[in-house]
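*Asks:* File follows, protein01.txt with compact mmCIF, C-alpha atoms:
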```txt
# COMPACT_ATOMS: atom_id res chain seq x y z
CA MET A 4 38.10 -7.29 -38.75
CA THR A 5 35.32 -9.23 -36.99
CA LEU A 6 33.43 -7.95 -33.96
CA ASP A 7 35.20 -10.49 -31.76
CA GLN A 8 38.55 -9.17 -32.96
CA LYS A 9 37.48 -5.59 -32.31
CA ILE A 10 36.31 -6.52 -28.81
CA ASP A 11 39.64 -8.23 -28.12
CA GLU A 12 41.55 -5.23 -29.46
CA ALA A 13 39.56 -2.72 -27.40
CA SER A 14 39.91 -4.86 -24.27
CA SER A 15 43.65 -5.09 -24.87
CA VAL A 16 43.95 -1.30 -25.18
CA ILE A 17 42.08 -0.88 -21.90
CA ARG A 18 44.19 -3.53 -20.16
CA ASP A 19 47.48 -2.07 -21.35
CA VAL A 20 46.58 1.50 -20.39
CA LEU A 21 45.37 0.50 -16.92
CA ALA A 22 48.50 -1.59 -16.38
CA ARG A 23 50.97 1.05 -17.56
CA HIS A 24 49.52 4.15 -15.95
CA SER A 25 49.12 4.61 -12.22
CA GLU A 26 47.19 7.89 -12.44
CA PRO A 27 43.47 7.77 -11.66
CA ALA A 28 41.30 6.92 -14.67
CA CYS A 29 37.75 7.93 -15.58
CA VAL A 30 35.33 7.52 -18.47
CA THR A 31 32.88 10.08 -19.85
CA CYS A 32 29.43 8.75 -20.64
CA SER A 33 26.41 10.39 -22.27
CA PHE A 34 24.53 7.06 -22.09
CA GLN A 35 24.33 6.74 -25.86
CA THR A 36 25.01 3.34 -27.45
CA GLU A 37 28.79 3.63 -27.84
CA CYS A 38 29.05 4.99 -24.31
CA MET A 39 27.32 1.91 -22.95
CA ALA A 40 29.69 -0.31 -24.93
CA ILE A 41 32.86 1.36 -23.59
CA VAL A 42 31.50 1.47 -20.03
CA ASP A 43 30.66 -2.24 -20.20
CA LEU A 44 34.15 -3.07 -21.45
CA LEU A 45 35.77 -0.88 -18.81
CA ILE A 46 33.87 -2.10 -15.75
CA ALA A 47 34.85 -5.66 -16.68
CA GLN A 48 38.41 -4.64 -15.81
CA HIS A 49 37.90 -1.64 -13.50
CA PRO A 50 34.48 -2.07 -11.81
CA ASP A 51 34.59 1.15 -9.79
CA ILE A 52 35.93 3.48 -12.49
CA PRO A 53 34.27 6.90 -12.17
CA VAL A 54 31.66 7.37 -14.91
CA LEU A 55 31.40 11.11 -15.60
CA PHE A 56 28.04 12.39 -16.88
CA LEU A 57 27.60 16.01 -17.98
CA ASP A 58 24.34 16.99 -16.32
CA THR A 59 23.57 20.07 -18.40
CA GLY A 60 20.02 20.43 -17.11
CA TYR A 61 18.77 20.30 -20.70
CA HIS A 62 18.76 16.53 -21.25
CA PHE A 63 15.69 14.60 -22.32
CA ALA A 64 13.64 13.11 -19.48
CA GLU A 65 14.30 9.74 -21.13
CA THR A 66 18.06 10.29 -20.82
CA TYR A 67 17.86 10.96 -17.10
CA ALA A 68 15.63 7.94 -16.52
CA TYR A 69 17.90 5.68 -18.57
CA ARG A 70 21.02 7.04 -16.81
CA ASP A 71 19.53 6.15 -13.44
CA GLN A 72 18.39 2.73 -14.65
CA MET A 73 21.78 1.75 -16.06
CA ALA A 74 23.72 3.18 -13.14
CA ARG A 75 21.62 1.02 -10.85
CA GLU A 76 21.70 -2.16 -12.95
CA LEU A 77 25.44 -2.00 -13.74
CA HIS A 78 26.41 -0.66 -10.28
CA LEU A 79 28.19 2.29 -11.88
CA ASN A 80 30.31 4.73 -9.92
CA LEU A 81 28.34 7.62 -11.44
CA VAL A 82 29.66 11.16 -11.08
CA ASN A 83 27.30 13.91 -12.26
CA LEU A 84 29.19 17.02 -13.38
CA LEU A 85 27.14 20.21 -12.96
CA PRO A 86 27.57 23.69 -14.46
CA LYS A 87 28.18 26.65 -12.16
CA GLN A 88 24.66 27.97 -12.81
CA THR A 89 21.33 26.19 -12.91
CA VAL A 90 19.28 26.45 -16.11
CA PRO A 91 16.96 29.15 -14.63
CA GLN A 92 19.95 31.16 -13.38
CA GLN A 93 21.68 31.06 -16.76
CA GLU A 94 18.54 31.85 -18.73
CA SER A 95 17.70 34.73 -16.37
CA GLN A 96 21.15 36.28 -16.82
CA PHE A 97 21.93 35.48 -20.46
CA GLY A 98 18.65 34.52 -22.12
CA ILE A 99 18.21 31.34 -24.17
CA LEU A 100 21.82 30.78 -25.16
CA TYR A 101 21.17 27.51 -26.97
CA GLN A 102 19.24 29.64 -29.49
CA SER A 103 21.34 32.81 -29.55
CA ALA A 104 24.84 31.47 -28.89
CA PRO A 105 24.98 27.65 -28.85
CA ASP A 106 28.78 27.60 -28.60
CA ARG A 107 28.63 29.70 -25.44
CA CYS A 108 25.89 27.49 -24.00
CA CYS A 109 27.96 24.37 -24.63
CA GLY A 110 30.96 26.12 -23.14
CA MET A 111 29.18 26.94 -19.91
CA ARG A 112 27.15 23.76 -19.49
CA LYS A 113 29.47 21.12 -20.97
CA VAL A 114 33.05 22.22 -21.63
CA GLU A 115 33.78 24.06 -18.38
CA PRO A 116 32.19 21.42 -16.10
CA LEU A 117 33.97 18.60 -17.93
CA PHE A 118 37.41 20.17 -17.89
CA SER A 119 37.03 20.92 -14.18
CA GLY A 120 35.77 17.39 -13.59
CA LEU A 121 38.70 15.85 -15.48
CA ASP A 122 41.34 17.67 -13.45
CA PRO A 123 41.76 14.94 -10.76
CA TYR A 124 42.46 12.27 -13.39
CA GLY A 125 45.42 11.29 -15.53
CA VAL A 126 43.62 8.92 -17.91
CA TRP A 127 40.40 9.77 -19.74
CA PHE A 128 38.51 7.01 -21.57
CA THR A 129 36.00 8.05 -24.24
CA ALA A 130 33.51 6.34 -26.57
CA LEU A 131 34.62 8.35 -29.60
CA ARG A 132 34.59 6.61 -32.97
CA ARG A 133 36.05 7.72 -36.32
CA GLU A 134 32.79 6.96 -38.12
CA GLN A 135 30.81 9.45 -36.02
CA SER A 136 31.88 12.65 -37.74
CA PRO A 137 34.35 14.14 -40.25
CA THR A 138 35.94 15.92 -37.29
CA ARG A 139 36.80 12.51 -35.79
CA ALA A 140 38.08 10.79 -38.94
CA ASN A 141 41.71 10.82 -37.75
CA LEU A 142 40.95 9.81 -34.16
CA GLN A 143 43.73 7.81 -32.51
CA PRO A 144 42.97 5.10 -29.92
CA VAL A 145 45.53 6.62 -27.54
CA ASP A 146 46.44 10.30 -27.62
CA GLN A 147 47.44 13.22 -25.43
CA PHE A 148 44.94 15.88 -24.36
CA LYS A 149 45.79 19.20 -22.77
CA LEU A 150 43.36 20.86 -20.38
CA PRO A 151 43.13 24.68 -20.20
CA THR A 152 45.07 24.48 -16.93
CA GLY A 153 48.00 23.03 -18.87
CA LYS A 154 47.58 19.56 -17.37
CA GLN A 155 48.17 16.70 -19.82
CA LEU A 156 45.81 13.73 -19.86
CA LEU A 157 46.09 10.44 -21.67
CA LYS A 158 42.93 10.31 -23.78
CA VAL A 159 41.94 6.76 -24.72
CA SER A 160 39.31 5.85 -27.32
CA PRO A 161 39.29 2.03 -27.57
CA LEU A 162 36.28 2.02 -29.93
CA ALA A 163 37.93 4.32 -32.51
CA ALA A 164 37.65 1.74 -35.31
CA TRP A 165 34.19 0.46 -34.40
CA THR A 166 31.22 1.05 -36.71
CA ASN A 167 27.71 1.84 -35.58
CA ALA A 168 26.76 -1.73 -36.51
CA ASP A 169 29.56 -3.05 -34.27
CA VAL A 170 28.23 -1.05 -31.32
CA TRP A 171 24.66 -2.27 -31.74
CA ALA A 172 25.77 -5.87 -32.23
CA TYR A 173 27.88 -5.66 -29.07
CA LEU A 174 25.00 -4.30 -26.97
CA LYS A 175 22.64 -6.97 -28.33
CA ARG A 176 25.17 -9.69 -27.51
CA ARG A 177 25.62 -8.35 -23.99
CA GLY A 178 21.89 -7.87 -23.42
CA ILE A 179 22.27 -4.16 -22.68
CA PRO A 180 19.12 -2.13 -23.40
CA VAL A 181 19.46 1.17 -25.24
CA LEU A 182 18.12 4.66 -24.62
CA PRO A 183 14.46 4.58 -25.78
CA LEU A 184 14.94 7.73 -27.90
CA TYR A 185 16.61 5.61 -30.59
CA ASP A 186 13.21 4.01 -31.22
CA GLN A 187 11.89 7.51 -32.03
CA GLY A 188 14.40 8.00 -34.84
CA TYR A 189 17.17 9.81 -33.00
CA THR A 190 20.69 8.72 -33.92
CA SER A 191 22.91 11.11 -31.91
CA ILE A 192 21.45 12.34 -28.64
CA GLY A 193 22.49 15.38 -26.62
CA CYS A 194 20.52 18.16 -24.96
CA GLU A 195 16.82 18.13 -25.82
CA PRO A 196 16.58 21.67 -27.32
CA CYS A 197 19.50 21.01 -29.65
CA THR A 198 18.72 17.46 -30.77
CA THR A 199 16.45 16.23 -33.56
CA PRO A 200 16.36 13.08 -35.67
CA PRO A 201 19.09 13.31 -38.34
CA LEU A 202 18.65 15.93 -41.05
CA ASP A 203 20.90 13.84 -43.32
CA PRO A 204 20.24 10.06 -43.18
CA GLU A 205 23.91 9.48 -44.07
CA ASN A 206 25.19 11.55 -41.12
CA ALA A 207 24.11 10.34 -37.69
CA ARG A 208 25.19 13.61 -36.02
CA SER A 209 23.32 15.88 -38.45
CA GLY A 210 20.47 16.20 -35.98
CA ARG A 211 22.68 18.00 -33.46
CA TRP A 212 22.50 21.82 -33.18
CA ALA A 213 20.24 21.96 -36.28
CA GLY A 214 23.31 21.31 -38.39
CA ARG A 215 24.92 24.60 -37.26
CA LYS A 216 27.99 22.88 -35.83
CA LEU A 217 29.47 19.40 -35.35
CA GLU A 218 31.08 19.47 -31.90
CA CYS A 219 30.22 20.92 -28.49
CA GLY A 220 33.89 21.54 -27.76
CA ILE A 221 34.70 18.99 -25.08
CA HIS A 222 36.97 17.00 -27.37
CA ILE A 223 39.02 19.98 -28.56
CA SER A 224 42.38 20.18 -26.83
CA SER A 225 43.76 23.48 -25.55
CA GLU A 226 46.88 22.97 -27.65
```
Take the structure in the file and give it back as structure tokens.
*Replies:*
Amino acid sequence: MTLDQKIDEASSVIRDVLARHSEPACVTCSFQTECMAIVDLLIAQHPDIPVLFLDTGYHFAETYAYRDQMARELHLNLVNLLPKQTVPQQESQFGILYQSAPDRCCGMRKVEPLFSGLDPYGVWFTALRREQSPTRANLQPVDQFKLPTGKQLLKVSPLAAWTNADVWAYLKRRGIPVLPLYDQGYTSIGCEPCTTPPLDPENARSGRWAGRKLECGIHISSE
């Protein structure tokens, strides 16, 4: 399938979901390459869609600067989701969790804020792709997702079949700049303490959590 065909297919998925579902929709965005592709496709059809960013307090300075730049240039309806505790509060009470208990740190600074932030919505768009990780190999473009509260969301991943090359070609075509950290060798970018260039050149996400885990938990349904 050509890039043009994939763009048409993704746009069609977005169009159909927005037309068929009256519940409020949102998109999560970490401001990585695929996130910028899905946001660009979405705002073409839904310019004021809420763009949810998990502000963990641990992001690279470059990520924050790029977030602000792109939110300004694309006129994004940016919604920053914050954890219950600031970084100093958490570290004072629990120590450096990203070293001692990374799952707990992700739970407190990413999973809980996201699930709370998703509660007002019925449709959740993501930039997930099958190629990203073995845990995403069976990703469906449209699926159900259950929050811990029991609420069901429609989880939509229009880029499921896109490759990394597709994403970069799309951004180049659209003239969308990328997060400068990619020029430093990073391939999957999260919180600064838990992100390095890839340990395995064949696995873009191998630089996350020093290879100790593959997912932060935000894409794991309560079911």
*Asks:* Rounded to one decimal in Å, what is the spacing between atom CA of A:Leu57 and atom CA of A:Leu84?
*Replies:*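 One can read the atom CA of A:Leu57 to atom CA of A:Leu84 distance as 5.0 Å.
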*Asks:* Could you produce a table of the residues of stretch 81-187 of chain A lying within 10 Å of stretch 18-25 of chain A, with the nearest pair of atoms per residue and their separation in Å rounded to one decimal, using only C-alpha atoms, ordered by chain and increasing residue number, as CSV?
*Replies:*
```
residue,atom,partner,partner_atom,distance
A:Gly125,CA,A:His24,CA,8.2
A:Val126,CA,A:His24,CA,7.8
A:Phe128,CA,A:Val20,CA,9.8
A:Val145,CA,A:Val20,CA,8.9
A:Leu157,CA,A:Val20,CA,9.0
A:Val159,CA,A:Val20,CA,8.2
```
*Asks:* At what distance in Å, to one decimal, does atom CA of A:Trp165 lie from atom CA of A:Arg133?
*Replies:*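 One can read the atom CA of A:Arg133 to atom CA of A:Trp165 distance as 7.7 Å.
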*Asks:* Rank nothing, just name the residue among A:Thr59, A:Gln143, A:Val181, A:Pro123 nearest to A:Gln155, using all atoms listed in the file.
*Replies:* A:Pro123
*Asks:* What gap, in Å, lies between atom CA of A:Thr152 and atom CA of A:Asp122?
*Replies:*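 Between atom CA of A:Thr152 and atom CA of A:Asp122 the gap is 8.5 Å.
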*Asks:* So which one's closest to A:Ile17, A:Pro144, A:Gly110, A:Gly178, A:Pro196? Using only C-alpha atoms, please.
*Replies:*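 Selected residue with least distance to A:Ile17: A:Pro144.
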*Asks:* Nearest residue to A:Asn80 out of A:Leu45, A:Ala104, A:Leu182, A:Ala13, using all atoms listed in the file?
*Replies:*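 Once distances to A:Asn80 are computed over all atoms listed in the file, the minimum belongs to A:Leu45.
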*Asks:* What's the 12 Å shell around A:Tyr67, counting all atoms listed in the file, without same-chain residues fewer than 6 positions away, as a PyMOL selection string?
*Replies:* chain A and resi 33-35+56-61+73-74+83+182-184+193-195
*Asks:* Which of these, A:Leu85, A:Met111, A:Tyr69, A:Gly120, has the shortest distance to A:Pro53 once you count all atoms listed in the file?
*Replies:*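 Of the candidates, the smallest distance to A:Pro53 is held by A:Gly120.
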